[in-house]
Amino acid sequence: MEQFFPLILLVLAFALLIVLPARQRKKMQAKAEALQASLTVGTPVMLTSGIHGTVASLGEGTVGLEVAPGVVITVARPAVM
């Protein structure tokens with residue numbers, strides 16, 4: 001049994017370093033997709049770059065973001081955090 005102890009430790013290390021972070025990434029991605037699907041005009045959002053604004057329009061793969069009164073920028077949907 002003692003000869004298998006290093007192998008057991010290796011398998012546990014693999015699980016901790018590979019499997020658990022992958023599960024967390026998948027959860028975060030699902031949360032981001034749910035947020036992007038629930039966007040409506042007038043929703044305050046923040047982009048991954050840190051820009052804050054209000055959703056002014058929704059396109060096929062883009063979002064019009066009003067960052068100042070009368071200033072609307074178009075960004076890709078995945079950029080919305």
# chains A, B, ... in the order shown; residues from 1 in each chain; ligands from 1
>>> residues_around(residues="segment 56-72 of chain A", least_positions_apart="5", cutoff="8 Å", atoms="only C-alpha atoms", output="PyMOL selection string")
chain A and resi 40-42+51+77
>>> residues_around(residues="Gly50 of chain A", least_positions_apart="6", cutoff="12 Å", atoms="only C-alpha atoms", output="list in words")
Val67, Ala79, Val80 and Met81 of chain A
>>> write_last_selection(atoms="N, CA, C and O atoms", output="PDB file, in the first residue's frame")
ATOM      1  N   VAL A  67     -21.996  56.158 -22.925  1.00  0.00           N
ATOM      2  CA  VAL A  67     -20.997  56.403 -21.889  1.00  0.00           C
ATOM      3  C   VAL A  67     -21.081  57.820 -21.346  1.00  0.00           C
ATOM      4  O   VAL A  67     -20.545  58.116 -20.283  1.00  0.00           O
ATOM      5  N   ALA A  79     -17.820  41.677 -24.409  1.00  0.00           N
ATOM      6  CA  ALA A  79     -17.073  42.682 -23.642  1.00  0.00           C
ATOM      7  C   ALA A  79     -17.867  43.143 -22.427  1.00  0.00           C
ATOM      8  O   ALA A  79     -17.310  43.735 -21.521  1.00  0.00           O
ATOM      9  N   VAL A  80     -19.177  42.862 -22.399  1.00  0.00           N
ATOM     10  CA  VAL A  80     -19.998  43.276 -21.267  1.00  0.00           C
ATOM     11  C   VAL A  80     -19.777  42.315 -20.127  1.00  0.00           C
ATOM     12  O   VAL A  80     -19.879  41.100 -20.268  1.00  0.00           O
ATOM     13  N   MET A  81     -19.462  42.872 -18.954  1.00  0.00           N
ATOM     14  CA  MET A  81     -19.127  42.052 -17.791  1.00  0.00           C
ATOM     15  C   MET A  81     -20.331  41.830 -16.922  1.00  0.00           C
ATOM     16  O   MET A  81     -21.075  42.672 -16.581  1.00  0.00           O
TER      17      MET A  81
END
>>> select_by_dssp(residues="segment 13-72 of chain A", states="strand (DSSP E)", output="PyMOL selection string")
chain A and resi 44-46+52-58+62-68+71-72
>>> atom_distance(atom1="atom CA of His52 of chain A", atom2="atom CA of Ser38 of chain A")
17.4 Å
>>> closest_residue(among="A:Ala76, A:Lys31, A:Gln24, A:Ala37", to="Ser49 of chain A", atoms="only C-alpha atoms")
A:Ala76
>>> atom_distance(atom1="atom CA of Ala34 of chain A", atom2="atom CA of Pro78 of chain A")
11.3 Å
>>> atom_distance(atom1="atom CA of Leu39 of chain A", atom2="atom CA of Ile73 of chain A")
16.0 Å
>>> select_by_dssp(residues="chain A", states="helix (DSSP H, G or I)", output="PyMOL selection string")
chain A and resi 2-37+77-79
>>> decode(residues="segment 46-73 of chain A", atoms="N, CA, C and O atoms", output="mmCIF file, in the first residue's frame")
data_model
loop_
_atom_site.group_PDB
_atom_site.id
_atom_site.type_symbol
_atom_site.label_atom_id
_atom_site.label_comp_id
_atom_site.auth_asym_id
_atom_site.auth_seq_id
_atom_site.Cartn_x
_atom_site.Cartn_y
_atom_site.Cartn_z
ATOM 1 N N MET A 46 -20.856 47.393 -16.990
ATOM 2 C CA MET A 46 -19.438 47.702 -17.045
ATOM 3 C C MET A 46 -18.795 46.760 -18.054
ATOM 4 O O MET A 46 -19.125 45.571 -18.096
ATOM 5 N N LEU A 47 -17.893 47.278 -18.862
ATOM 6 C CA LEU A 47 -17.183 46.456 -19.833
ATOM 7 C C LEU A 47 -15.969 45.808 -19.172
ATOM 8 O O LEU A 47 -15.542 46.216 -18.093
ATOM 9 N N THR A 48 -15.411 44.817 -19.824
ATOM 10 C CA THR A 48 -14.233 44.144 -19.290
ATOM 11 C C THR A 48 -13.049 45.099 -19.191
ATOM 12 O O THR A 48 -12.140 44.885 -18.404
ATOM 13 N N SER A 49 -13.074 46.175 -19.963
ATOM 14 C CA SER A 49 -12.003 47.176 -19.917
ATOM 15 C C SER A 49 -12.197 48.177 -18.792
ATOM 16 O O SER A 49 -11.326 49.008 -18.546
ATOM 17 N N GLY A 50 -13.361 48.130 -18.116
ATOM 18 C CA GLY A 50 -13.612 49.032 -16.998
ATOM 19 C C GLY A 50 -14.493 50.223 -17.338
ATOM 20 O O GLY A 50 -14.776 51.043 -16.476
ATOM 21 N N ILE A 51 -14.919 50.344 -18.585
ATOM 22 C CA ILE A 51 -15.781 51.457 -18.995
ATOM 23 C C ILE A 51 -17.195 51.197 -18.486
ATOM 24 O O ILE A 51 -17.747 50.115 -18.677
ATOM 25 N N HIS A 52 -17.785 52.203 -17.849
ATOM 26 C CA HIS A 52 -19.148 52.111 -17.347
ATOM 27 C C HIS A 52 -20.071 52.858 -18.296
ATOM 28 O O HIS A 52 -19.701 53.886 -18.864
ATOM 29 N N GLY A 53 -21.290 52.357 -18.438
ATOM 30 C CA GLY A 53 -22.271 53.028 -19.271
ATOM 31 C C GLY A 53 -23.627 52.372 -19.150
ATOM 32 O O GLY A 53 -23.831 51.455 -18.352
ATOM 33 N N THR A 54 -24.565 52.855 -19.963
ATOM 34 C CA THR A 54 -25.934 52.345 -19.978
ATOM 35 C C THR A 54 -26.220 51.781 -21.359
ATOM 36 O O THR A 54 -25.868 52.401 -22.371
ATOM 37 N N VAL A 55 -26.861 50.632 -21.418
ATOM 38 C CA VAL A 55 -27.192 50.003 -22.697
ATOM 39 C C VAL A 55 -28.181 50.903 -23.434
ATOM 40 O O VAL A 55 -29.254 51.221 -22.922
ATOM 41 N N ALA A 56 -27.792 51.330 -24.658
ATOM 42 C CA ALA A 56 -28.636 52.196 -25.465
ATOM 43 C C ALA A 56 -29.323 51.422 -26.576
ATOM 44 O O ALA A 56 -30.439 51.762 -26.984
ATOM 45 N N SER A 57 -28.664 50.367 -27.083
ATOM 46 C CA SER A 57 -29.254 49.551 -28.148
ATOM 47 C C SER A 57 -28.625 48.168 -28.126
ATOM 48 O O SER A 57 -27.524 47.982 -27.616
ATOM 49 N N LEU A 58 -29.346 47.221 -28.672
ATOM 50 C CA LEU A 58 -28.869 45.843 -28.743
ATOM 51 C C LEU A 58 -28.862 45.406 -30.200
ATOM 52 O O LEU A 58 -29.875 45.538 -30.891
ATOM 53 N N GLY A 59 -27.721 44.887 -30.655
ATOM 54 C CA GLY A 59 -27.605 44.377 -32.013
ATOM 55 C C GLY A 59 -27.440 42.867 -32.004
ATOM 56 O O GLY A 59 -27.559 42.209 -30.964
ATOM 57 N N GLU A 60 -27.143 42.305 -33.167
ATOM 58 C CA GLU A 60 -26.988 40.851 -33.297
ATOM 59 C C GLU A 60 -25.840 40.331 -32.448
ATOM 60 O O GLU A 60 -25.975 39.381 -31.715
ATOM 61 N N GLY A 61 -24.694 40.949 -32.514
ATOM 62 C CA GLY A 61 -23.555 40.524 -31.703
ATOM 63 C C GLY A 61 -22.913 41.709 -31.011
ATOM 64 O O GLY A 61 -21.803 41.621 -30.508
ATOM 65 N N THR A 62 -23.629 42.838 -31.022
ATOM 66 C CA THR A 62 -23.069 44.067 -30.478
ATOM 67 C C THR A 62 -24.028 44.713 -29.486
ATOM 68 O O THR A 62 -25.205 44.383 -29.432
ATOM 69 N N VAL A 63 -23.480 45.656 -28.733
ATOM 70 C CA VAL A 63 -24.267 46.429 -27.777
ATOM 71 C C VAL A 63 -23.889 47.890 -27.964
ATOM 72 O O VAL A 63 -22.713 48.220 -28.025
ATOM 73 N N GLY A 64 -24.904 48.755 -28.082
ATOM 74 C CA GLY A 64 -24.654 50.192 -28.101
ATOM 75 C C GLY A 64 -24.641 50.676 -26.664
ATOM 76 O O GLY A 64 -25.593 50.470 -25.919
ATOM 77 N N LEU A 65 -23.552 51.288 -26.243
ATOM 78 C CA LEU A 65 -23.378 51.694 -24.863
ATOM 79 C C LEU A 65 -23.254 53.209 -24.784
ATOM 80 O O LEU A 65 -22.370 53.799 -25.412
ATOM 81 N N GLU A 66 -24.139 53.847 -24.017
ATOM 82 C CA GLU A 66 -24.072 55.293 -23.825
ATOM 83 C C GLU A 66 -23.158 55.565 -22.639
ATOM 84 O O GLU A 66 -23.483 55.237 -21.499
ATOM 85 N N VAL A 67 -21.996 56.158 -22.925
ATOM 86 C CA VAL A 67 -20.997 56.403 -21.889
ATOM 87 C C VAL A 67 -21.081 57.820 -21.346
ATOM 88 O O VAL A 67 -20.545 58.116 -20.283
ATOM 89 N N ALA A 68 -21.721 58.709 -22.080
ATOM 90 C CA ALA A 68 -21.962 60.089 -21.666
ATOM 91 C C ALA A 68 -23.230 60.530 -22.393
ATOM 92 O O ALA A 68 -23.619 59.903 -23.385
ATOM 93 N N PRO A 69 -23.884 61.573 -21.926
ATOM 94 C CA PRO A 69 -25.104 62.014 -22.625
ATOM 95 C C PRO A 69 -24.840 62.301 -24.099
ATOM 96 O O PRO A 69 -24.010 63.141 -24.451
ATOM 97 N N GLY A 70 -25.484 61.544 -24.962
ATOM 98 C CA GLY A 70 -25.339 61.713 -26.400
ATOM 99 C C GLY A 70 -24.153 60.991 -27.018
ATOM 100 O O GLY A 70 -23.968 61.040 -28.225
ATOM 101 N N VAL A 71 -23.341 60.304 -26.231
ATOM 102 C CA VAL A 71 -22.168 59.590 -26.737
ATOM 103 C C VAL A 71 -22.423 58.099 -26.633
ATOM 104 O O VAL A 71 -22.489 57.537 -25.533
ATOM 105 N N VAL A 72 -22.602 57.450 -27.789
ATOM 106 C CA VAL A 72 -22.894 56.017 -27.812
ATOM 107 C C VAL A 72 -21.752 55.305 -28.534
ATOM 108 O O VAL A 72 -21.375 55.688 -29.643
ATOM 109 N N ILE A 73 -21.183 54.285 -27.898
ATOM 110 C CA ILE A 73 -20.152 53.473 -28.526
ATOM 111 C C ILE A 73 -20.718 52.074 -28.775
ATOM 112 O O ILE A 73 -21.618 51.643 -28.074
#
